[in-house]
>>> print(open('structure_31.txt').read())   # compact mmCIF, C-alpha atoms and all ligand atoms
# COMPACT_ATOMS: atom_id res chain seq x y z
CA MET A 12 -15.41 14.45 8.17
CA ARG A 13 -17.62 12.87 10.85
CA ASP A 14 -15.77 11.44 13.85
CA PRO A 15 -15.67 7.67 13.16
CA ARG A 16 -13.86 6.54 16.33
CA ALA A 17 -16.88 4.90 17.97
CA ASP A 18 -16.96 2.42 15.04
CA PHE A 19 -13.54 0.95 15.94
CA PRO A 20 -13.88 -1.46 18.89
CA ILE A 21 -10.12 -1.94 19.27
CA LEU A 22 -9.66 1.73 20.18
CA GLY A 23 -11.47 0.91 23.44
CA GLU A 24 -8.88 -1.75 24.36
CA PRO A 25 -6.42 -0.32 26.88
CA VAL A 26 -2.64 -0.74 26.41
CA HIS A 27 -0.48 -0.79 29.56
CA GLY A 28 -3.59 0.49 31.35
CA ARG A 29 -3.78 3.51 29.04
CA ARG A 30 -5.85 4.60 26.07
CA LEU A 31 -4.51 3.08 22.83
CA VAL A 32 -3.08 5.78 20.56
CA TYR A 33 -2.69 3.88 17.31
CA LEU A 34 -0.24 5.60 14.97
CA ASP A 35 0.79 2.69 12.75
CA SER A 36 -1.89 2.67 10.07
CA ALA A 37 0.71 2.58 7.28
CA ALA A 38 1.53 -0.93 8.56
CA THR A 39 -2.11 -1.94 8.88
CA THR A 40 -5.30 -0.12 9.76
CA GLN A 41 -7.82 -0.98 12.45
CA LYS A 42 -11.22 -2.27 11.38
CA PRO A 43 -14.62 -0.68 11.91
CA ARG A 44 -17.41 -2.92 13.19
CA GLN A 45 -19.07 -2.63 9.74
CA VAL A 46 -16.14 -4.56 8.22
CA ILE A 47 -15.87 -7.04 11.09
CA GLU A 48 -19.62 -7.69 10.79
CA ALA A 49 -19.50 -8.08 7.00
CA VAL A 50 -16.86 -10.82 7.32
CA ALA A 51 -18.72 -12.56 10.15
CA ASP A 52 -21.99 -12.27 8.27
CA TYR A 53 -20.44 -13.84 5.17
CA TYR A 54 -19.38 -16.88 7.19
CA ARG A 55 -22.65 -16.94 9.09
CA ARG A 56 -24.97 -16.78 6.06
CA LEU A 57 -23.21 -17.13 2.72
CA ASN A 58 -20.11 -19.29 2.86
CA ALA A 59 -19.55 -21.62 -0.12
CA ASN A 60 -16.84 -22.00 -2.72
CA VAL A 61 -17.23 -19.66 -5.66
CA HIS A 62 -17.53 -20.19 -9.44
CA ARG A 63 -18.04 -23.94 -8.92
CA GLY A 64 -21.32 -24.88 -7.35
CA ALA A 65 -24.68 -25.08 -9.09
CA TYR A 66 -26.53 -24.79 -5.76
CA ASP A 67 -28.07 -21.61 -4.46
CA LEU A 68 -25.59 -20.90 -1.67
CA ALA A 69 -22.64 -21.16 -4.06
CA VAL A 70 -24.39 -18.86 -6.51
CA ARG A 71 -24.93 -16.26 -3.79
CA ALA A 72 -21.34 -16.54 -2.55
CA THR A 73 -20.16 -16.04 -6.14
CA GLU A 74 -22.41 -12.99 -6.46
CA ALA A 75 -21.02 -11.53 -3.25
CA TYR A 76 -17.47 -12.06 -4.53
CA GLU A 77 -18.17 -10.52 -7.94
CA ASP A 78 -20.07 -7.62 -6.33
CA ALA A 79 -16.93 -6.91 -4.32
CA ARG A 80 -14.93 -6.82 -7.56
CA ALA A 81 -17.36 -4.30 -9.05
CA ALA A 82 -17.15 -2.18 -5.89
CA VAL A 83 -13.34 -2.14 -6.10
CA ALA A 84 -13.46 -1.16 -9.78
CA ALA A 85 -15.82 1.73 -9.05
CA PHE A 86 -13.75 2.89 -6.06
CA VAL A 87 -10.50 3.24 -8.01
CA GLY A 88 -12.01 4.31 -11.33
CA ALA A 89 -11.24 1.10 -13.23
CA PRO A 90 -13.50 1.22 -16.29
CA ASP A 91 -13.96 -2.56 -16.39
CA PRO A 92 -14.29 -4.98 -13.41
CA ARG A 93 -12.48 -7.59 -15.53
CA GLY A 94 -9.40 -5.48 -14.87
CA VAL A 95 -9.65 -6.13 -11.10
CA VAL A 96 -7.64 -9.17 -10.00
CA PHE A 97 -8.00 -10.27 -6.38
CA VAL A 98 -4.73 -11.32 -4.76
CA ARG A 99 -3.45 -11.58 -1.17
CA GLY A 100 -2.06 -8.06 -1.03
CA THR A 101 0.24 -5.54 -2.67
CA THR A 102 3.21 -7.89 -2.36
CA GLU A 103 1.50 -10.65 -4.29
CA ALA A 104 0.14 -8.16 -6.84
CA LEU A 105 3.64 -6.88 -7.58
CA ASN A 106 5.11 -10.38 -7.76
CA LEU A 107 2.36 -11.30 -10.22
CA ALA A 108 3.17 -8.18 -12.27
CA ALA A 109 6.91 -8.85 -12.34
CA SER A 110 6.64 -12.55 -13.06
CA SER A 111 4.02 -12.27 -15.77
CA LEU A 112 5.18 -9.03 -17.42
CA GLY A 113 8.72 -10.34 -17.27
CA ARG A 114 7.81 -13.39 -19.34
CA LEU A 115 5.81 -11.21 -21.74
CA LYS A 116 8.23 -8.32 -22.20
CA VAL A 117 11.73 -8.73 -20.80
CA ARG A 118 14.71 -10.24 -22.62
CA ALA A 119 18.45 -10.20 -21.86
CA GLY A 120 19.81 -6.66 -21.77
CA ASP A 121 16.37 -4.99 -21.46
CA GLY A 122 15.88 -2.25 -18.88
CA ILE A 123 13.63 -2.13 -15.80
CA VAL A 124 13.42 1.14 -13.86
CA VAL A 125 12.50 1.53 -10.17
CA THR A 126 13.12 4.35 -7.68
CA ALA A 127 15.15 4.69 -4.50
CA MET A 128 12.01 5.11 -2.38
CA GLU A 129 10.50 1.69 -3.11
CA HIS A 130 9.23 -0.69 -0.48
CA HIS A 131 11.02 -4.04 -0.88
CA SER A 132 7.77 -5.41 -2.33
CA ASN A 133 8.28 -3.19 -5.36
CA LEU A 134 11.99 -3.88 -5.60
CA ILE A 135 12.77 -7.54 -4.89
CA PRO A 136 10.36 -8.91 -7.55
CA TRP A 137 12.13 -6.73 -10.14
CA GLN A 138 15.56 -7.79 -8.83
CA LEU A 139 14.54 -11.43 -9.18
CA LEU A 140 13.26 -10.80 -12.69
CA ALA A 141 16.38 -8.89 -13.72
CA GLN A 142 18.58 -11.73 -12.43
CA GLU A 143 16.49 -14.37 -14.15
CA ARG A 144 16.45 -12.58 -17.51
CA ALA A 145 19.88 -10.92 -17.35
CA ALA A 146 18.05 -7.61 -17.59
CA ARG A 147 19.32 -4.22 -16.43
CA LEU A 148 17.71 -2.86 -13.22
CA GLU A 149 18.14 0.87 -12.75
CA MET A 150 17.22 2.90 -9.66
CA VAL A 151 16.23 6.56 -10.01
CA GLU A 152 17.57 8.76 -7.20
CA LEU A 153 15.75 11.24 -4.95
CA THR A 154 16.24 14.94 -4.31
CA PRO A 155 17.59 16.00 -0.90
CA GLN A 156 13.96 16.80 0.06
CA GLY A 157 12.96 13.18 -0.56
CA GLU A 158 11.15 13.69 -3.84
CA LEU A 159 11.79 11.79 -7.03
CA ASP A 160 14.52 13.31 -9.19
CA VAL A 161 12.38 13.76 -12.29
CA ASP A 162 15.40 14.75 -14.42
CA GLY A 163 17.08 11.49 -13.40
CA TYR A 164 13.86 9.68 -14.26
CA ARG A 165 13.81 11.27 -17.72
CA ARG A 166 17.42 10.21 -18.25
CA ALA A 167 16.57 6.62 -17.27
CA LEU A 168 13.72 6.67 -19.81
CA GLU A 169 16.11 7.71 -22.58
CA ARG A 170 17.52 4.16 -22.36
CA ARG A 171 14.03 2.91 -23.35
CA PRO A 172 13.28 0.47 -20.47
CA LYS A 173 10.57 -2.14 -20.95
CA ILE A 174 9.04 -1.61 -17.48
CA VAL A 175 8.91 1.30 -15.05
CA ALA A 176 7.76 0.55 -11.49
CA PHE A 177 7.32 3.16 -8.78
CA THR A 178 5.31 3.84 -5.67
CA HIS A 179 2.43 6.30 -5.63
CA VAL A 180 3.14 7.29 -2.00
CA SER A 181 6.31 6.50 -0.01
CA ASN A 182 5.65 4.50 3.17
CA VAL A 183 8.62 6.20 4.84
CA LEU A 184 8.66 9.80 3.60
CA GLY A 185 5.01 10.26 2.67
CA THR A 186 6.17 11.66 -0.68
CA ILE A 187 3.33 11.70 -3.23
CA ASN A 188 4.70 10.98 -6.67
CA PRO A 189 3.19 12.73 -9.70
CA VAL A 190 1.93 9.44 -11.12
CA ALA A 191 0.07 10.84 -14.15
CA GLU A 192 3.13 12.77 -15.33
CA LEU A 193 5.54 9.88 -14.65
CA ALA A 194 3.22 7.46 -16.47
CA ARG A 195 2.90 9.78 -19.47
CA LEU A 196 6.69 10.11 -19.75
CA ALA A 197 7.15 6.34 -19.43
CA HIS A 198 4.54 5.65 -22.10
CA GLU A 199 6.24 8.11 -24.45
CA ALA A 200 9.38 6.03 -23.95
CA GLY A 201 7.44 2.84 -24.72
CA ALA A 202 7.49 1.36 -21.19
CA VAL A 203 4.76 -0.42 -19.24
CA VAL A 204 3.93 1.39 -15.99
CA VAL A 205 3.46 -0.50 -12.72
CA VAL A 206 2.41 1.50 -9.66
CA ASP A 207 2.52 0.46 -6.01
CA GLY A 208 -0.57 2.09 -4.56
CA ALA A 209 -0.40 0.48 -1.09
CA GLN A 210 -0.10 3.84 0.67
CA ALA A 211 -2.24 5.82 -1.77
CA VAL A 212 -5.62 4.10 -2.23
CA PRO A 213 -6.42 4.18 1.52
CA HIS A 214 -5.67 7.88 1.79
CA LEU A 215 -6.33 9.72 -1.49
CA ALA A 216 -9.08 9.64 -4.09
CA VAL A 217 -7.39 7.45 -6.70
CA ASN A 218 -8.58 7.07 -10.29
CA VAL A 219 -6.38 4.57 -12.08
CA ALA A 220 -7.70 5.48 -15.52
CA GLU A 221 -6.84 9.17 -15.01
CA LEU A 222 -3.43 8.26 -13.60
CA GLY A 223 -2.64 6.18 -16.68
CA ALA A 224 -1.04 3.28 -14.78
CA ASP A 225 -1.05 0.01 -16.72
CA LEU A 226 -0.96 -2.05 -13.52
CA TYR A 227 -1.79 -0.68 -10.06
CA ALA A 228 -1.45 -2.63 -6.79
CA PHE A 229 -2.91 -2.16 -3.29
CA SER A 230 -3.83 -4.02 -0.08
CA GLY A 231 -7.20 -4.31 1.65
CA HIS A 232 -5.78 -4.35 5.17
CA LYS A 233 -4.31 -0.84 4.84
CA MET A 234 -7.74 0.62 3.99
CA LEU A 235 -9.90 -0.70 6.87
CA GLY A 236 -10.39 -4.07 5.13
CA PRO A 237 -9.31 -7.57 6.18
CA MET A 238 -5.79 -8.95 5.91
CA GLY A 239 -5.15 -11.41 3.10
CA VAL A 240 -6.98 -9.63 0.31
CA GLY A 241 -5.49 -7.16 -2.13
CA VAL A 242 -5.88 -6.05 -5.69
CA LEU A 243 -3.99 -5.75 -8.93
CA VAL A 244 -5.88 -3.44 -11.28
CA GLY A 245 -4.87 -3.54 -14.91
CA THR A 246 -6.06 -2.51 -18.31
CA PRO A 247 -7.95 -5.50 -19.76
CA GLU A 248 -5.84 -5.41 -22.95
CA LEU A 249 -2.60 -5.79 -21.01
CA LEU A 250 -3.98 -8.41 -18.60
CA ASP A 251 -5.31 -10.37 -21.59
CA ALA A 252 -1.83 -10.42 -23.11
CA MET A 253 -0.05 -11.38 -19.88
CA PRO A 254 0.62 -15.08 -19.17
CA PRO A 255 -0.81 -16.60 -15.95
CA TYR A 256 1.11 -16.31 -12.70
CA HIS A 257 -0.09 -19.24 -10.58
CA GLY A 258 -1.49 -22.40 -12.10
CA GLY A 259 -4.31 -24.46 -10.59
CA GLY A 260 -8.06 -24.65 -10.28
CA GLU A 261 -10.32 -21.81 -11.41
CA MET A 262 -7.84 -20.32 -13.88
CA ILE A 263 -8.26 -22.80 -16.76
CA ARG A 264 -10.63 -23.28 -19.67
CA THR A 265 -9.55 -26.78 -20.83
CA VAL A 266 -6.72 -29.00 -19.64
CA GLN A 267 -4.92 -31.59 -21.78
CA ASP A 268 -2.21 -33.94 -20.50
CA THR A 269 0.64 -31.57 -21.26
CA THR A 270 -1.01 -28.24 -22.08
CA ALA A 271 -3.96 -26.10 -21.08
CA THR A 272 -5.94 -23.09 -22.21
CA TYR A 273 -6.82 -20.43 -19.71
CA ALA A 274 -9.94 -18.76 -18.39
CA PRO A 275 -10.60 -15.17 -19.43
CA ILE A 276 -9.41 -12.35 -17.17
CA PRO A 277 -9.58 -11.80 -14.27
CA HIS A 278 -9.98 -15.51 -13.46
CA LYS A 279 -6.82 -16.42 -15.38
CA PHE A 280 -4.90 -14.79 -12.51
CA GLU A 281 -6.97 -16.21 -9.63
CA ALA A 282 -5.83 -19.83 -9.29
CA GLY A 283 -7.25 -21.73 -6.33
CA THR A 284 -9.96 -20.84 -3.84
CA PRO A 285 -9.94 -17.08 -3.36
CA ASN A 286 -10.38 -15.12 -0.14
CA VAL A 287 -14.09 -14.52 -0.61
CA ALA A 288 -14.69 -13.30 2.94
CA GLY A 289 -11.76 -10.91 2.47
CA ALA A 290 -13.26 -9.51 -0.72
CA VAL A 291 -16.63 -9.09 1.01
CA GLY A 292 -14.90 -7.31 3.90
CA LEU A 293 -13.02 -5.09 1.45
CA LYS A 294 -16.30 -4.11 -0.15
CA ALA A 295 -17.60 -3.11 3.29
CA ALA A 296 -14.43 -1.06 3.86
CA ILE A 297 -14.93 0.69 0.53
CA ALA A 298 -18.54 1.49 1.44
CA TYR A 299 -17.33 2.85 4.78
CA LEU A 300 -14.64 5.04 3.21
CA GLY A 301 -17.07 6.16 0.52
CA ALA A 302 -19.53 7.32 3.18
CA LEU A 303 -16.79 9.28 4.96
CA GLY A 304 -15.74 10.75 1.59
CA MET A 305 -12.20 10.28 0.27
CA ALA A 306 -11.72 14.04 -0.16
CA GLU A 307 -12.62 14.47 3.54
CA VAL A 308 -10.34 11.58 4.54
CA ALA A 309 -7.44 13.19 2.66
CA ALA A 310 -8.15 16.63 4.14
CA HIS A 311 -8.34 15.19 7.68
CA GLU A 312 -4.97 13.47 7.26
CA ARG A 313 -3.37 16.53 5.69
CA ALA A 314 -4.43 18.70 8.65
CA LEU A 315 -3.27 16.11 11.18
CA THR A 316 0.07 15.58 9.44
CA GLY A 317 0.69 19.33 9.34
CA TYR A 318 -0.05 19.55 13.06
CA ALA A 319 2.21 16.55 13.79
CA ARG A 320 5.10 18.05 11.85
CA GLU A 321 4.69 21.29 13.78
CA ARG A 322 4.51 19.56 17.20
CA LEU A 323 7.41 17.20 16.49
CA ALA A 324 9.65 19.88 14.95
CA ALA A 325 9.40 21.77 18.25
CA ILE A 326 11.06 18.86 20.11
CA GLU A 327 14.76 19.59 20.48
CA GLY A 328 16.98 17.11 18.67
CA LEU A 329 14.13 15.70 16.60
CA ARG A 330 14.79 15.36 12.90
CA LEU A 331 11.99 14.96 10.38
CA TYR A 332 12.50 13.22 7.03
CA GLY A 333 10.70 13.85 3.77
CA PRO A 334 9.06 16.73 1.93
CA GLU A 335 6.59 19.24 3.34
CA GLU A 336 3.81 18.29 0.92
CA ARG A 337 3.04 14.68 1.79
CA ALA A 338 0.60 11.98 2.81
CA GLY A 339 -0.13 11.03 6.44
CA VAL A 340 3.25 9.54 7.30
CA VAL A 341 5.89 11.22 9.48
CA SER A 342 9.33 9.62 9.85
CA PHE A 343 11.79 10.96 12.37
CA THR A 344 14.78 10.32 14.60
CA LEU A 345 15.34 11.86 18.03
CA ALA A 346 18.91 12.77 18.96
CA ASP A 347 20.91 9.54 19.06
CA ILE A 348 18.14 7.44 20.63
CA HIS A 349 17.66 4.28 18.61
CA PRO A 350 14.22 4.29 16.94
CA HIS A 351 13.45 0.87 18.47
CA ASP A 352 14.10 2.29 21.95
CA LEU A 353 11.90 5.27 21.12
CA ALA A 354 9.06 3.01 19.97
CA THR A 355 9.36 0.93 23.15
CA ILE A 356 9.28 3.97 25.41
CA VAL A 357 6.30 5.61 23.70
CA ASP A 358 4.51 2.26 23.78
CA SER A 359 4.67 2.35 27.57
CA GLU A 360 2.52 5.49 27.23
CA GLY A 361 0.03 3.64 25.02
CA VAL A 362 1.36 5.14 21.78
CA ALA A 363 1.91 2.62 18.94
CA ILE A 364 4.44 3.75 16.33
CA ARG A 365 6.68 1.74 14.03
CA ALA A 366 10.48 1.76 14.11
CA GLY A 367 12.91 0.14 11.72
CA HIS A 368 13.87 0.26 8.08
CA HIS A 369 10.21 -0.03 7.02
CA CYS A 370 11.15 -2.54 4.30
CA ALA A 371 12.99 0.23 2.45
CA GLN A 372 16.69 -0.40 3.04
CA PRO A 373 17.93 1.37 -0.12
CA LEU A 374 16.06 4.48 1.06
CA MET A 375 17.53 4.19 4.59
CA ARG A 376 21.02 4.17 3.07
CA ARG A 377 20.24 7.35 1.18
CA LEU A 378 18.92 8.97 4.37
CA ASP A 379 22.14 7.77 6.01
CA VAL A 380 20.31 6.12 8.92
CA PRO A 381 19.81 2.44 9.81
CA ALA A 382 16.24 3.09 10.87
CA THR A 383 13.65 5.75 11.62
CA ALA A 384 10.66 6.01 13.92
CA ARG A 385 7.42 6.51 12.04
CA ALA A 386 3.96 7.76 12.98
CA SER A 387 1.19 7.30 10.44
CA PHE A 388 -2.35 8.59 10.58
CA TYR A 389 -5.80 7.56 9.52
CA VAL A 390 -9.45 8.45 9.87
CA TYR A 391 -9.65 7.64 13.58
CA ASN A 392 -6.67 9.76 14.65
CA THR A 393 -7.03 13.14 16.35
CA ARG A 394 -4.91 16.08 17.46
CA GLU A 395 -4.99 14.54 20.96
CA ASP A 396 -3.22 11.49 19.51
CA VAL A 397 -0.50 13.76 18.14
CA ASP A 398 -0.24 15.51 21.53
CA ALA A 399 0.11 12.10 23.20
CA LEU A 400 2.95 11.21 20.81
CA ALA A 401 4.73 14.53 21.39
CA GLY A 402 4.39 14.11 25.17
CA ALA A 403 5.71 10.55 25.05
CA LEU A 404 8.68 11.64 22.94
CA GLU A 405 9.51 14.38 25.46
CA LYS A 406 9.51 11.68 28.16
CA ALA A 407 11.89 9.58 26.05
CA ARG A 408 14.23 12.57 25.75
CA ALA A 409 14.21 13.04 29.50
CA LEU A 410 14.78 9.34 30.12
CA PHE A 411 17.84 9.38 27.89
CA GLY A 412 19.23 12.33 29.80
CA TYR A 413 18.53 15.08 27.32
CA ALA A 414 17.47 18.22 29.20
CA ARG A 415 14.17 19.79 28.30
CA ALA A 416 14.48 22.71 25.88
N1 LIG B 501 4.17 -1.48 4.19
C1 LIG B 501 4.65 -0.55 6.36
O1 LIG B 501 4.63 -0.57 7.60
P1 LIG B 501 1.54 -5.89 1.90
O2 LIG B 501 2.38 -6.33 3.07
O3 LIG B 501 1.67 -6.81 0.74
O4 LIG B 501 0.13 -5.60 2.28
O5 LIG B 501 2.11 -4.45 1.46
C2 LIG B 501 3.46 -4.30 1.12
C3 LIG B 501 3.77 -2.87 0.85
C4 LIG B 501 4.03 -2.48 -0.46
N2 LIG B 501 4.26 -1.19 -0.77
C5 LIG B 501 4.24 -0.22 0.15
C6 LIG B 501 4.49 1.19 -0.26
C7 LIG B 501 3.99 -0.54 1.48
O6 LIG B 501 3.98 0.41 2.39
C8 LIG B 501 3.76 -1.90 1.84
C9 LIG B 501 3.57 -2.31 3.27
C10 LIG B 501 4.02 -1.69 5.62
O7 LIG B 501 5.16 0.38 5.73
C11 LIG B 501 4.56 -2.99 6.09
S1 LIG B 501 6.27 -3.19 5.76
>>> encode(input="structure_31.txt", output="structure tokens")
Amino acid sequence: MRDPRADFPILGEPVHGRRLVYLDSAATTQKPRQVIEAVADYYRRLNANVHRGAYDLAVRATEAYEDARAAVAAFVGAPDPRGVVFVRGTTEALNLAASSLGRLKVRAGDGIVVTAMEHHSNLIPWQLLAQERAARLEMVELTPQGELDVDGYRRALERRPKIVAFTHVSNVLGTINPVAELARLAHEAGAVVVVDGAQAVPHLAVNVAELGADLYAFSGHKMLGPMGVGVLVGTPELLDAMPPYHGGGEMIRTVQDTTATYAPIPHKFEAGTPNVAGAVGLKAAIAYLGALGMAEVAAHERALTGYARERLAAIEGLRLYGPEERAGVVSFTLADIHPHDLATIVDSEGVAIRAGHHCAQPLMRRLDVPATARASFYVYNTREDVDALAGALEKARALFGYARA
């Protein structure tokens, strides 16, 4: 992969007088100037509301928005751009899925299956739905290595749930779930499959049609794109059958005093003025990632993650969580130093990592920790960044009075 660092202006901004070592891309990624420029250029030259105006500028803004939809469809292998719904992010996509699928499919006593490695965004919407419908929410456990217990998953499917929702890649453990196999098993059991792809689409070549997910969610801001734009990809047949989520402008065909008919997909799910600049920025991010090559992006992260695991494992008292085979996320604790203290100390060295429960409290309970520290990698990270993290962690050890090994 070519070295893209010069494209990211923020990497030139010093932190505490030091070089910024940004290791929190699972939270949000930095933006290349190509994306920043695409957003600025949209506002400079194209801005108008979409799908409404008859004037030229509005037509061109609408074209830019719909071009972005086509680019997203091509990037994730969605056969039909009508299956690409723009939302604010993964969280909104999953709330849309739960709310709408819930009304379509779930009755009292029905089953919904999730896993113990879900981000709260792929858990709370299902909890709310289960409470509302008096449905049964079941959580599939993990193996001690932090992988999904597939036997437990098969057992959960024997109870014929209506919906199965799981993450493609864990934001804490980096575990990559075998989505195609899990989707096939769920379909055999008659369930609809909802996949949280927030940590997958930015890092792996994803083809939703090959994976067999019925609904697949991800966020633009975790893949070099702007904040406030995300995607729910679905099969057109399912999206057609699903009732609307939000009501308002743009999503209707005709409105009577007490009833309405709805626009065809995807517009049925896009009530109100959408984030057009966000979609345009996301298209630029997709073009940027496409030029780097997703296979190269994945290989770069795999190599860096392997190196990080090696460097961190050599630090005495450091404990790594999650399986060996994984995406570019490394969670750890160091002796009994609180992860928040660790993050603060390494920050003073210019190293940005995340500490906390990572919006995955059920998983933290299973790991038997209140929190972990987490480093996550992307296209602009290097082995020097990993060395900087390892050095900063050694300093933290010394500061807390642990002797050097
Ligand atoms: N995880 C992290 O630091 P939004 O906020 O809607 O863009 O994405 C939510 C979300 C959903 N699923 C997974 C697997 C995620 O990792 C995230 C976001 C960030 O891990 C912020 S908590």
>>> closest_residue(input="structure_31.txt", among="A:Ala127, A:Val26, A:Leu107, A:Ala209", to="ligand LIG 501 (chain B)", atoms="all atoms listed in the file")
A:Ala209
>>> residues_near_ligand(input="structure_31.txt", ligand="ligand LIG 501 (chain B)", cutoff="9 Å", atoms="all atoms listed in the file", output="ChimeraX atom specification")
/A:35-39,99-105,128-133,178-183,207-211,228-233,238-241,365,368-371,385
>>> residues_around(input="structure_31.txt", residues="stretch 46-60 of chain A", least_positions_apart="6", cutoff="12 Å", atoms="only C-alpha atoms", output="ChimeraX atom specification")
/A:18-21,40,66-76,79,231-232,234-238,260-261,283-300
>>> closest_residue(input="structure_31.txt", among="A:Ala407, A:Ala363, A:Val380, A:Ala399", to="A:Gly328", atoms="only C-alpha atoms")
A:Ala407
>>> closest_residue(input="structure_31.txt", among="A:Asp358, A:Glu327, A:Asp121, A:Glu336", to="A:Glu405", atoms="all atoms listed in the file")
A:Glu327
>>> residues_around(input="structure_31.txt", residues="stretch 320-323 of chain A", least_positions_apart="6", cutoff="9 Å", atoms="all atoms listed in the file", output="ChimeraX atom specification")
/A:329-331,335,341,343,397-398,400-401,404
>>> atom_distance(input="structure_31.txt", atom1="atom CA of A:Ile276", atom2="atom CA of A:Asp251")
6.3 Å
>>> atom_distance(input="structure_31.txt", atom1="atom CA of A:Gly122", atom2="atom CA of A:Thr186")
24.9 Å
>>> atom_distance(input="structure_31.txt", atom1="atom CA of A:Gly304", atom2="atom CA of A:Val87")
13.3 Å
>>> closest_residue(input="structure_31.txt", among="A:Leu34, A:Leu249, A:Ile326, A:Ala108", to="A:Leu140", atoms="all atoms listed in the file")
A:Ala108
